[in-house]
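*Asks:* Here it is, the structure, as structure tokens.
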Amino acid sequence: MIDPCSPASKSLLSLGQALERIKEAINPVAGSEKVTLKNALGRILSKSIYSPINIPPDRNAAMDGYALSSADIDREHPFTLGLAGTSWAGKPFQNPLQPGQCVRIFTGAVVPEQADSVIMQEQVKADRQAINFPANMPAGQNIRAAGEDIKQGELLCALPKKLTAGDLGLLASAGIHDISVKRQLKIAFFSTGDELIPIGRALEPGKIYDSNRYSLSGLLADPNYDAVDLGVIPDNKQFLENKLIEASKNHDVIITTGGASVGEADYIKEILESCGEINFWKVAIKPGKPLAFGKIGSCCFFGLPGNPLAVIVTFQQMVTPALKQLCGAPASNPLRLMATCTTALKKGPGRLEFQTGVLTQAGNGEFSVASAGKQGSHMLSSISRANCYIVLPAECSGIQAGDTVSVEPFSTLI
Ligand code: AMP
Ligand code: MG
């Protein structure tokens with residue numbers, strides 16, 4: 001018997017096929033804006049950046065010590081040089097260094113032009129203005145060349161690039177303060193369902209609190225997204241249609257939860273068919289089978305399932321790659337690693353399954369993973385405990401304790 005959820009059922013795409021369809025259907029948004037370096041963390045660069053200066057700008061000392069010319073080094077005997085002055089970090093020694101002289105120098109200070117060695121202070125005996133060096137000091141030591149890290153005009157950050165803390169430091173060291181980044185994606189999201197009550201109100205009979213908008217607002221907390229929460233929309237076709245059409249006019253992406261299935265009150269697919277275009281609406285993953293992807297005008301639409309765990313899983317597996325592509329971020333696959341599963345896991349063959357897990361690493365470096373608890377798509381308790389997904393292939397029909405499984409550690413998105 002064919003599992004109605006198996007990819008053999010023709011309307012169901014595999015996750016890989018769905019991701020391929022999403023990739024083909026969307027283009028990065030045009031448009032960029034200027035931000036200050038302070039506000040650039042996590043933003044997507046819109047133009048490659050070249051260094052206007054050498055980094056470091058000057059030849060400077062790598063140690064506290066004495067700068068001298070190697071012509072003055074005596075290879076066979078201890079020798080003495082006269083102290084001409086001091087080169088401080090930020091206050092260079094101004095005069096030319098004469099033969100027979102050395103300069104007191106501190107880490108980061110400019111090395112006088114005539115000097116080509118810095119001798120560590122620990123190797124030297126200072127007697128007021130007479131500085132005594134041992135025999136056979138190595139020449140050319142402890143000096144950082146100008147432009148040693150980056151030459152003037154060299155590429156600092158290449159596209160595609162999401163700016164990290166390290167990038168901010170690098171750009172600051174080149175004196176760059178205004179950065180051209182991709183504009184933020186305009187994203188609207190709302191929950192659908194007559195049973196939903198916003199938090200802050202007393203629960204009524206037969207109702208539940210709307211949790212999906214809170215998961216979504218957490219998942220959408222990213223400096224590249226300008227996400228607007230449009231609240232809860234009841235299961236009313238006209239209402240939903242109006243809301244979707246209105247939101248599609250001034251957003252790049254709309255994300256909804258609920259109503260994407262085939263129940264009497266599930267209108268999302270119908271509306272998308274009449275006022276936009278459906279690309280696909282079912283994917284063979286668990287949790288998360290009913291998922292609609294399409295467009296309303298030029299606005300991308302994701303109709304996520306209503307079940308709260310399915311919302312998080314489908315967002316991370318399908319919406320995240322789409323949003324990354326839309327805002328021009330570098331493409332990357334989620335990190336997967338192999339771990340020994342310490343608990344038995346139930347699974348029927350048919351769909352690729354994401355179960356919540358707790359991943360640990362032993363002192364010898366080996367990974368083990370245990371189930372994080374109840375796996376129902378309507379349950380959120382286990383995702384709150386979990387730090388990874390255990391990824392079980394479609395054909396897998398259960399895991400025994402001791403089996404090796406593939407694990408996807410959570411990124412910063414959860
Ligand atoms: P639906 O896809 O609309 O049939 O919803 C599937 C299940 O998810 C039902 O049990 C809904 O009550 C539940 N659900 C839908 N939306 C939400 C939400 N925003 N917060 C919590 N549960 C929800
Ligand atoms: Mg519903």
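By convention in this document, the chains of the structure tokens carry letters A, B, ... by their order, each chain's residues are numbered from 1, and ligands are numbered from 1 in the order they are shown.
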For Ile254 of chain A, list every protein, DNA or RNA residue within 12 Å, evaluated using only C-alpha atoms, and leave out those in the same chain fewer than 6 positions away; present the list as a ChimeraX atom specification.

*Replies:* /A:185-191,216,220,226-230,243-248,272,292-304,319,323

*Asks:* Would you list the residues that come within 6 Å of ligand 1? Count only C-alpha atoms and all ligand atoms and give the answer as a list in words.

*Replies:*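 I would give the residues around ligand 1 as Ser191, Thr192, Gly193, Asp210, Ser211, Asn212, Thr257, Gly258, Gly259, Ala260, Ser261, Pro305, Gly306, Asn307 and Pro308 of chain A.
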
*Asks:* Name the residues of segment 65-152 of chain A that fall into strand (DSSP E) according to DSSP on the backbone, using the chain letters and numbers of this document, as a VMD selection string.

*Replies:* chain A and resid 65 to 68 79 to 87 101 to 105 117 to 120 125 to 127 130 to 133 143 to 144

*Asks:* Which is closer to Gly140 of chain A than all the others in A:Gln184, A:Gln98, A:Gln316, A:Ser70, using only C-alpha atoms?

*Replies:*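 Between A:Gln184, A:Gln98, A:Gln316, A:Ser70, the residue approaching Gly140 of chain A most closely is A:Ser70.
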
*Asks:* Give one line per residue of segment 142-199 of chain A that approaches segment 24-45 of chain A to at most 12 Å, naming the two atoms of the closest pair and their distance in Å to one decimal, counting only C-alpha atoms; sort by chain then ascending residue number and deliver it as CSV.

*Replies:*
```
residue,atom,partner,partner_atom,distance
A:Leu156,CA,A:Leu45,CA,11.7
A:Cys157,CA,A:Leu45,CA,8.4
A:Ala158,CA,A:Leu45,CA,8.4
A:Leu159,CA,A:Leu45,CA,6.7
A:Pro160,CA,A:Leu45,CA,6.9
A:Lys161,CA,A:Leu45,CA,5.5
A:Lys162,CA,A:Ile44,CA,4.5
A:Leu163,CA,A:Gly42,CA,4.9
A:Thr164,CA,A:Leu41,CA,5.8
A:Ala165,CA,A:Leu41,CA,6.6
A:Gly166,CA,A:Leu41,CA,9.6
A:Asp167,CA,A:Leu41,CA,8.5
A:Leu168,CA,A:Leu37,CA,6.6
A:Gly169,CA,A:Leu37,CA,9.4
A:Leu170,CA,A:Leu37,CA,10.7
A:Leu171,CA,A:Leu37,CA,8.0
A:Ala172,CA,A:Leu37,CA,7.6
A:Ser173,CA,A:Leu37,CA,11.4
A:Ala174,CA,A:Leu37,CA,11.6
A:Gly175,CA,A:Leu37,CA,10.0
A:Ile176,CA,A:Leu37,CA,7.5
A:His177,CA,A:Leu37,CA,5.1
A:Asp178,CA,A:Thr36,CA,4.7
A:Ile179,CA,A:Val35,CA,5.4
A:Ser180,CA,A:Lys34,CA,4.6
A:Val181,CA,A:Leu45,CA,4.4
A:Lys182,CA,A:Ser32,CA,4.2
A:Arg183,CA,A:Ser32,CA,4.5
A:Gln184,CA,A:Ser32,CA,8.3
A:Leu185,CA,A:Val29,CA,7.8
A:Lys186,CA,A:Val29,CA,10.2
```

*Asks:* Pull N, CA, C and O atoms from the residues just selected and write them as a short mmCIF file (atom, residue, chain, number, x, y, z; two decimals), in the first residue's frame.

*Replies:*
```cif
data_model
loop_
_atom_site.label_atom_id
_atom_site.label_comp_id
_atom_site.auth_asym_id
_atom_site.auth_seq_id
_atom_site.Cartn_x
_atom_site.Cartn_y
_atom_site.Cartn_z
N LEU A 156 39.04 43.97 0.39
CA LEU A 156 38.82 43.71 1.83
C LEU A 156 37.68 42.72 2.03
O LEU A 156 37.78 41.78 2.81
N CYS A 157 36.54 42.96 1.39
CA CYS A 157 35.37 42.09 1.53
C CYS A 157 34.75 41.88 0.16
O CYS A 157 34.39 42.85 -0.51
N ALA A 158 34.65 40.62 -0.25
CA ALA A 158 34.11 40.29 -1.58
C ALA A 158 32.66 39.82 -1.45
O ALA A 158 32.28 39.25 -0.44
N LEU A 159 31.87 40.04 -2.51
CA LEU A 159 30.48 39.57 -2.56
C LEU A 159 30.45 38.07 -2.87
O LEU A 159 31.35 37.61 -3.59
N PRO A 160 29.47 37.31 -2.46
CA PRO A 160 28.43 37.68 -1.52
C PRO A 160 28.96 37.62 -0.09
O PRO A 160 29.81 36.78 0.21
N LYS A 161 28.48 38.51 0.75
CA LYS A 161 29.06 38.61 2.08
C LYS A 161 28.04 39.06 3.10
O LYS A 161 27.37 40.06 2.91
N LYS A 162 27.95 38.32 4.18
CA LYS A 162 27.16 38.75 5.34
C LYS A 162 28.18 39.22 6.38
O LYS A 162 29.09 38.46 6.75
N LEU A 163 28.05 40.45 6.83
CA LEU A 163 29.12 41.04 7.65
C LEU A 163 29.15 40.48 9.07
O LEU A 163 28.13 40.46 9.77
N THR A 164 30.34 40.04 9.47
CA THR A 164 30.54 39.47 10.81
C THR A 164 31.28 40.49 11.69
O THR A 164 31.74 41.53 11.19
N ALA A 165 31.44 40.15 12.95
CA ALA A 165 32.20 41.01 13.87
C ALA A 165 33.63 41.20 13.35
O ALA A 165 34.18 42.31 13.40
N GLY A 166 34.21 40.13 12.82
CA GLY A 166 35.57 40.23 12.27
C GLY A 166 35.62 41.20 11.10
O GLY A 166 36.58 41.98 10.96
N ASP A 167 34.58 41.19 10.24
CA ASP A 167 34.54 42.13 9.11
C ASP A 167 34.47 43.57 9.61
O ASP A 167 35.09 44.46 9.04
N LEU A 168 33.67 43.80 10.66
CA LEU A 168 33.55 45.17 11.18
C LEU A 168 34.92 45.66 11.63
O LEU A 168 35.30 46.81 11.36
N GLY A 169 35.67 44.79 12.31
CA GLY A 169 37.02 45.15 12.75
C GLY A 169 37.92 45.45 11.56
O GLY A 169 38.62 46.47 11.53
N LEU A 170 37.87 44.59 10.56
CA LEU A 170 38.72 44.75 9.37
C LEU A 170 38.39 46.08 8.67
O LEU A 170 39.29 46.85 8.32
N LEU A 171 37.09 46.35 8.48
CA LEU A 171 36.69 47.58 7.78
C LEU A 171 37.06 48.81 8.58
O LEU A 171 37.51 49.82 8.01
N ALA A 172 36.93 48.72 9.89
CA ALA A 172 37.32 49.85 10.74
C ALA A 172 38.82 50.09 10.62
O ALA A 172 39.27 51.24 10.57
N SER A 173 39.62 49.02 10.54
CA SER A 173 41.08 49.22 10.47
C SER A 173 41.46 49.89 9.15
O SER A 173 42.53 50.46 9.03
N ALA A 174 40.56 49.85 8.15
CA ALA A 174 40.80 50.55 6.89
C ALA A 174 40.16 51.95 6.91
O ALA A 174 40.21 52.67 5.92
N GLY A 175 39.54 52.30 8.03
CA GLY A 175 38.96 53.65 8.18
C GLY A 175 37.62 53.81 7.49
O GLY A 175 37.17 54.93 7.26
N ILE A 176 36.97 52.70 7.17
CA ILE A 176 35.71 52.79 6.41
C ILE A 176 34.53 52.92 7.38
O ILE A 176 34.41 52.12 8.30
N HIS A 177 33.70 53.95 7.19
CA HIS A 177 32.59 54.10 8.14
C HIS A 177 31.20 54.00 7.54
O HIS A 177 30.25 53.73 8.23
N ASP A 178 31.07 54.22 6.21
CA ASP A 178 29.75 54.06 5.58
C ASP A 178 29.79 52.81 4.70
O ASP A 178 30.71 52.67 3.89
N ILE A 179 28.78 51.96 4.86
CA ILE A 179 28.80 50.69 4.14
C ILE A 179 27.53 50.60 3.29
O ILE A 179 26.44 50.87 3.77
N SER A 180 27.71 50.15 2.05
CA SER A 180 26.56 49.93 1.17
C SER A 180 26.07 48.50 1.36
O SER A 180 26.81 47.55 1.10
N VAL A 181 24.83 48.37 1.85
CA VAL A 181 24.29 47.03 2.09
C VAL A 181 22.97 46.88 1.34
O VAL A 181 22.34 47.86 0.94
N LYS A 182 22.56 45.63 1.15
CA LYS A 182 21.28 45.36 0.50
C LYS A 182 20.17 45.92 1.38
O LYS A 182 20.25 45.86 2.61
N ARG A 183 19.14 46.43 0.74
CA ARG A 183 18.02 46.94 1.54
C ARG A 183 17.36 45.78 2.28
O ARG A 183 17.49 44.61 1.88
N GLN A 184 16.65 46.11 3.37
CA GLN A 184 15.97 45.06 4.14
C GLN A 184 14.80 44.49 3.33
O GLN A 184 14.15 45.21 2.58
N LEU A 185 14.52 43.20 3.54
CA LEU A 185 13.33 42.60 2.94
C LEU A 185 12.12 43.05 3.73
O LEU A 185 12.15 43.06 4.96
N LYS A 186 11.06 43.39 3.01
CA LYS A 186 9.82 43.77 3.70
C LYS A 186 8.96 42.51 3.80
O LYS A 186 8.55 41.95 2.79
#
```

*Asks:* Hey, which of A:Glu353, A:Asp64, A:Glu195, A:Glu273 ends up closest to ligand 2? Count only C-alpha atoms and all ligand atoms.

*Replies:* A:Glu195

*Asks:* Identify, on the basis of only C-alpha atoms, every residue whose closest approach to Ser371 of chain A does not exceed 8 Å; exclude the query and any residue fewer than 3 positions from it along the same chain; express the result as a list of chain:residue names.

*Replies:* A:Thr343, A:Leu345, A:Gln355, A:Thr356, A:Gly357, A:Val358

*Asks:* Please compute the atom CA of Glu20 of chain A-atom CA of Lys346 of chain A distance, one decimal, in Å.

*Replies:*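 Computed distance, atom CA of Glu20 of chain A to atom CA of Lys346 of chain A, equals 29.0 Å.
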
*Asks:* Point out the residue among A:Asp252, A:Glu204, A:Asp235, A:Asp72 with the least atom-to-atom distance to ligand 2, counting only C-alpha atoms and all ligand atoms.

*Replies:* A:Asp235
